[in-house]
Every structure is written in C-alpha cells, then in structure tokens.
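Peer 1: Handing you this structure, nothing more for now.
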Amino acid sequence: MISELSRKYKNITRCDVEVFLHLCEPCQQKQKGVKKGVVVKSIISPKLNSRCQVDLIDFQSRPDGKYKFILVYQDHLTKFIILKALEYKRAEEVAFNLIDIFTLIGAPSILQSDNVREFSNNIVSNLKDMWPELKIVHGKPRHSQSQGSVERANQDIENMLTTWMQTEKTSHWSQGLKFVQLMKNRALHSGIKMSPYEALFDCKVKVGLSTSNLPKEVIDNLENEEQLLELFEKNEHQNDNSILPDKDNNKIKDIIQLNNANAKELPCDDPIHSDKDNSIQDTIQSNNANAIDNRKKAKQNLENQAVKMKTWSDKKLKPAEVGATVRVPVPDVDKGRGDARNILAVVIEVNIK
C-alpha cells in the first residue's frame, strides 16, 4: 500500500497506513489472526490416560506407497506419543489403530480430536463396535485450550521425519516413524521438565547395552550372558571407579540369575528363588512409586506453565471493553474457499467466570 500511495502522494507515513488498515472493514475480515490466542484456562490432566489426543498429519502430497496419513496419539499428561501410518483418512481405520494402542497402554477417559465433530463421533462409535466394553467420552473438536500440544508435536514430527529421510537417503517415511517416535519420547519436554518416556516409565530410554556405561570395546567383545555376568561380578570387587553403578549392577545381575533359576526349574520353596522374587518385587514396587512421583511432578510443571501462559496472555492481550469492535477468526473447517478469514463483532457484554 505504501508503494502504491507513493506514486500519487507524499508524506504518507507507515503509522497512517496502519491506522487506515485498522479501521478498514474488508482489511480486518481478511487479515490473519495472531499466532497466540487468549489463554482463558489451561486444561491440566490429573493422571495418566485421563485425556488423550489424536490427530492426523496429511502426507498425501508425498505418499509412501499405500500410506498417505500419519496418526499421532498423545497422552495429555506425560506427552508420550505413538505414531501409526495410515492408508486412508477414515474413522474405521483410525479406530482400528486406536484399539491396538489401547490394548498396549490402556484406554483414556476422554479422547480428543481436532477434526470435525462428525469424524470424532464416528471414531468413538467404531471403537464401541470393535470393543463393546470400552467407554470413552469424546472431547470438544477444535478445543484450542489443549489441542495446541499435539499441534506442536505434529510440527516436531514432520521436521524430525524430514531429517531422518535426508540422513537415510530414502523417501519411505513410514519406515522411520518408529525411530522418530523413540527420539520424540526421549527428548526433554519443556512443559513437564522431563522426557515423556521418563514420565511414563520412570527411567531413561535404554537401547540394550549401548546406553549403559560400559565402554564400547567391552560391549563389542561380549558374546553371551555368562560373559556379561562375569563382568558384573568382577566389577563388584573393584573399589575404584566402577563401570556401572552398583545399583544397576545388582538389578541386572538379579534379573539374569532369576532367569537362570527359572530355566533350571527350581522348586517354589527354594530360599534362593524366594529371595530373588522378593528382590524383583521390591524393584518393581520402587519403580512404580517413582513413576507415580514423576507424573505428579509433570502435572505440577504443567500447572506452572499454565500460570505463565495466562500471565503472558493477560499482559499482551488486553480484555475488550463493552462497545469495542473485535475481530473473531473463522476456523478453517467452517470457512469456504471464498469466505473471509474473520467476522467483525461488537462487544455488548463481558462475562468473567
């Protein structure tokens, strides 16, 4: 506009143009909305599987054989994600893959989808047909107060998947989904202040012995279980810097010896077998307690993040006054090709809850 005005007029400043655009009704209707909206009240999930989100990433422009979509499933508390490659964007196929996830980590109380309400209802209906005992309450479609989490995850997934394809020099993105899923779940999440894997399982991701503190040359020379057990026993007698912490050594050694005892079919009243059972049970109980504690910390960190978001929103986006003209964005799913991006409205009443 400044370029066009400079052909006929002089001394038209940028401030003048901005005032005109602010008062121009057609300009306001087609203007893009701000990236961050008003934060009224953030939704905090109290526990695991209380609310989960499902969304679809459209890869029709770059299909991998029969696969054209990516299903993204995320637990709202732990931020743990599961990825599935889909052939079609149909409620039946989405429900079939969700059943696979539910039988692995359990079904949520609330299942939320960013798609239209009819699509969400069809997913829940198909889930009930496949699993009659299952009871799910679907969330509100396009609920921006909590849907932003999975939307940000979608961007990370696309970027990581693109990097993986460039590194592996392949266009078969469906083969890299599981690797991207692992890398996303092991990365530190800024909201919960830990990785999603830690929030769910109370430990860091382990990839065999490669993630232990054993030197690479030692790992390369290991061929069987006996050599590994011998290495742990040798390490117990060392008083200087150990290869692995004693706690980890004892855990792995107990598990190995317990497996050996089971293979030899020791009687149930064997004192050694009983001691090992008690040791494993204590370890499991300790891990469960730590996992619950991690989820409480994740919930607290999300609450702290919600307070910061609300403070930022109140500071940057002032509440409208009665009589003021406001611009209300129209969701893409409700907007036709030739429709305006926004509708203009006048504030007639302010209700604060």
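Every chain in the structure tokens has a letter given in the order shown (A, B, ...), and although residue numbers restart at 1 in each chain, ligands are simply numbered from 1 in the order shown.
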I need the alpha helix (DSSP H) residues of region 160-221 of chain A per DSSP on the backbone, written as a ChimeraX atom specification.

Peer 2: /A:160-168,177-186,196-201,216-221

Peer 1: Taking N, CA, C and O atoms for each residue, export the selection above as a compact mmCIF listing (two decimals), in the first residue's frame.

Peer 2:
```
# COMPACT_ATOMS: atom_id res chain seq x y z
N MET A 160 11.42 -33.84 12.23
CA MET A 160 12.29 -34.98 12.53
C MET A 160 12.22 -36.03 11.44
O MET A 160 13.22 -36.66 11.08
N LEU A 161 11.03 -36.24 10.89
CA LEU A 161 10.86 -37.22 9.83
C LEU A 161 11.59 -36.77 8.56
O LEU A 161 12.21 -37.59 7.86
N THR A 162 11.53 -35.48 8.27
CA THR A 162 12.25 -34.94 7.11
C THR A 162 13.75 -35.13 7.28
O THR A 162 14.45 -35.54 6.34
N THR A 163 14.26 -34.85 8.47
CA THR A 163 15.69 -35.03 8.74
C THR A 163 16.08 -36.49 8.61
O THR A 163 17.15 -36.81 8.06
N TRP A 164 15.25 -37.40 9.11
CA TRP A 164 15.56 -38.83 9.03
C TRP A 164 15.63 -39.29 7.57
O TRP A 164 16.53 -40.05 7.20
N MET A 165 14.70 -38.84 6.74
CA MET A 165 14.70 -39.23 5.33
C MET A 165 15.93 -38.69 4.61
O MET A 165 16.52 -39.38 3.76
N GLN A 166 16.34 -37.46 4.95
CA GLN A 166 17.54 -36.90 4.33
C GLN A 166 18.79 -37.65 4.77
O GLN A 166 19.69 -37.90 3.96
N THR A 167 18.84 -38.03 6.05
CA THR A 167 20.01 -38.75 6.56
C THR A 167 20.10 -40.15 5.96
O THR A 167 21.19 -40.60 5.57
N GLU A 168 18.97 -40.85 5.89
CA GLU A 168 18.94 -42.21 5.37
C GLU A 168 18.85 -42.27 3.85
O GLU A 168 18.91 -43.36 3.27
N LEU A 177 8.97 -43.90 11.07
CA LEU A 177 8.05 -43.42 12.10
C LEU A 177 8.43 -43.91 13.49
O LEU A 177 8.38 -43.16 14.46
N LYS A 178 8.81 -45.18 13.60
CA LYS A 178 9.13 -45.74 14.92
C LYS A 178 10.38 -45.09 15.50
O LYS A 178 10.48 -44.88 16.72
N PHE A 179 11.36 -44.78 14.63
CA PHE A 179 12.58 -44.13 15.12
C PHE A 179 12.28 -42.69 15.56
O PHE A 179 12.81 -42.23 16.57
N VAL A 180 11.43 -41.99 14.80
CA VAL A 180 11.03 -40.64 15.19
C VAL A 180 10.24 -40.69 16.49
O VAL A 180 10.40 -39.83 17.37
N GLN A 181 9.39 -41.68 16.64
CA GLN A 181 8.62 -41.85 17.88
C GLN A 181 9.54 -42.01 19.08
O GLN A 181 9.32 -41.39 20.13
N LEU A 182 10.58 -42.82 18.94
CA LEU A 182 11.53 -43.03 20.04
C LEU A 182 12.27 -41.73 20.36
O LEU A 182 12.42 -41.36 21.54
N MET A 183 12.76 -41.03 19.34
CA MET A 183 13.52 -39.81 19.57
C MET A 183 12.65 -38.72 20.19
O MET A 183 13.11 -37.96 21.04
N LYS A 184 11.39 -38.65 19.78
CA LYS A 184 10.49 -37.65 20.34
C LYS A 184 10.18 -37.94 21.80
O LYS A 184 10.13 -37.03 22.65
N ASN A 185 10.00 -39.22 22.15
CA ASN A 185 9.67 -39.60 23.52
C ASN A 185 10.87 -39.53 24.47
O ASN A 185 10.68 -39.44 25.68
N ARG A 186 12.08 -39.56 23.93
CA ARG A 186 13.25 -39.49 24.80
C ARG A 186 13.76 -38.06 24.96
O ARG A 186 14.65 -37.81 25.77
N PRO A 196 9.02 -37.51 27.91
CA PRO A 196 7.78 -38.29 28.03
C PRO A 196 8.03 -39.73 28.47
O PRO A 196 7.22 -40.30 29.21
N TYR A 197 9.13 -40.32 28.03
CA TYR A 197 9.45 -41.70 28.41
C TYR A 197 9.68 -41.79 29.92
O TYR A 197 9.20 -42.73 30.57
N GLU A 198 10.41 -40.82 30.48
CA GLU A 198 10.64 -40.81 31.93
C GLU A 198 9.34 -40.62 32.70
O GLU A 198 9.13 -41.25 33.74
N ALA A 199 8.47 -39.75 32.20
CA ALA A 199 7.20 -39.52 32.89
C ALA A 199 6.32 -40.76 32.89
O ALA A 199 5.55 -40.97 33.82
N LEU A 200 6.45 -41.60 31.87
CA LEU A 200 5.61 -42.79 31.77
C LEU A 200 6.22 -43.99 32.47
O LEU A 200 5.54 -44.73 33.17
N PHE A 201 7.55 -44.19 32.31
CA PHE A 201 8.19 -45.42 32.79
C PHE A 201 9.17 -45.21 33.93
O PHE A 201 9.73 -46.18 34.44
N LYS A 216 32.74 -49.11 24.82
CA LYS A 216 32.34 -49.71 23.55
C LYS A 216 33.15 -50.96 23.25
O LYS A 216 32.63 -51.95 22.74
N GLU A 217 34.46 -50.93 23.57
CA GLU A 217 35.30 -52.10 23.28
C GLU A 217 34.89 -53.30 24.12
O GLU A 217 35.01 -54.45 23.68
N VAL A 218 34.38 -53.05 25.33
CA VAL A 218 33.91 -54.15 26.17
C VAL A 218 32.62 -54.73 25.60
O VAL A 218 32.44 -55.96 25.55
N ILE A 219 31.71 -53.86 25.17
CA ILE A 219 30.45 -54.33 24.60
C ILE A 219 30.68 -55.14 23.33
O ILE A 219 30.05 -56.17 23.09
N ASP A 220 31.62 -54.70 22.50
CA ASP A 220 31.89 -55.39 21.24
C ASP A 220 32.42 -56.80 21.46
O ASP A 220 32.20 -57.70 20.63
N ASN A 221 33.10 -57.02 22.60
CA ASN A 221 33.70 -58.34 22.87
C ASN A 221 32.74 -59.28 23.60
O ASN A 221 33.06 -60.46 23.76
```

Peer 1: When DSSP is applied to the backbone of this structure, which of region 23-189 of chain A are assigned strand (DSSP E or B)? Write them out as a PyMOL selection string.

Peer 2: chain A and resi 51-58+64+67+69-75+81-86+110-113+137-138+189

Peer 1: Compile the contact shell of region 84-86 of chain A as a list of chain:residue names: residues with an atom at most 8 Å away, counting only C-alpha atoms, same-chain residues fewer than 5 positions apart removed.

Peer 2: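 Those residues are A:Tyr67, A:Lys68, A:Phe69, A:Ile70, A:Leu71, A:Val72, A:Glu93, A:Val94, A:Asn97, A:Ser174, A:Leu177.
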
Peer 1: Need the shell around region 16-30 of chain A: protein/DNA/RNA residues with any atom at most 9 Å away, counting only C-alpha atoms. Skip same-chain ones fewer than 2 positions apart. Format as an MDAnalysis selection string?

Peer 2: chainID A and resid 1:2 12:14 32 327:329 339:344

Peer 1: Could you jot down the CA of Asp156 (chain A) to CA of Val205 (chain A) separation for me, Å, one decimal place?

Peer 2: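 Spanning CA of Asp156 (chain A) to CA of Val205 (chain A) is a straight-line distance of 19.1 Å.
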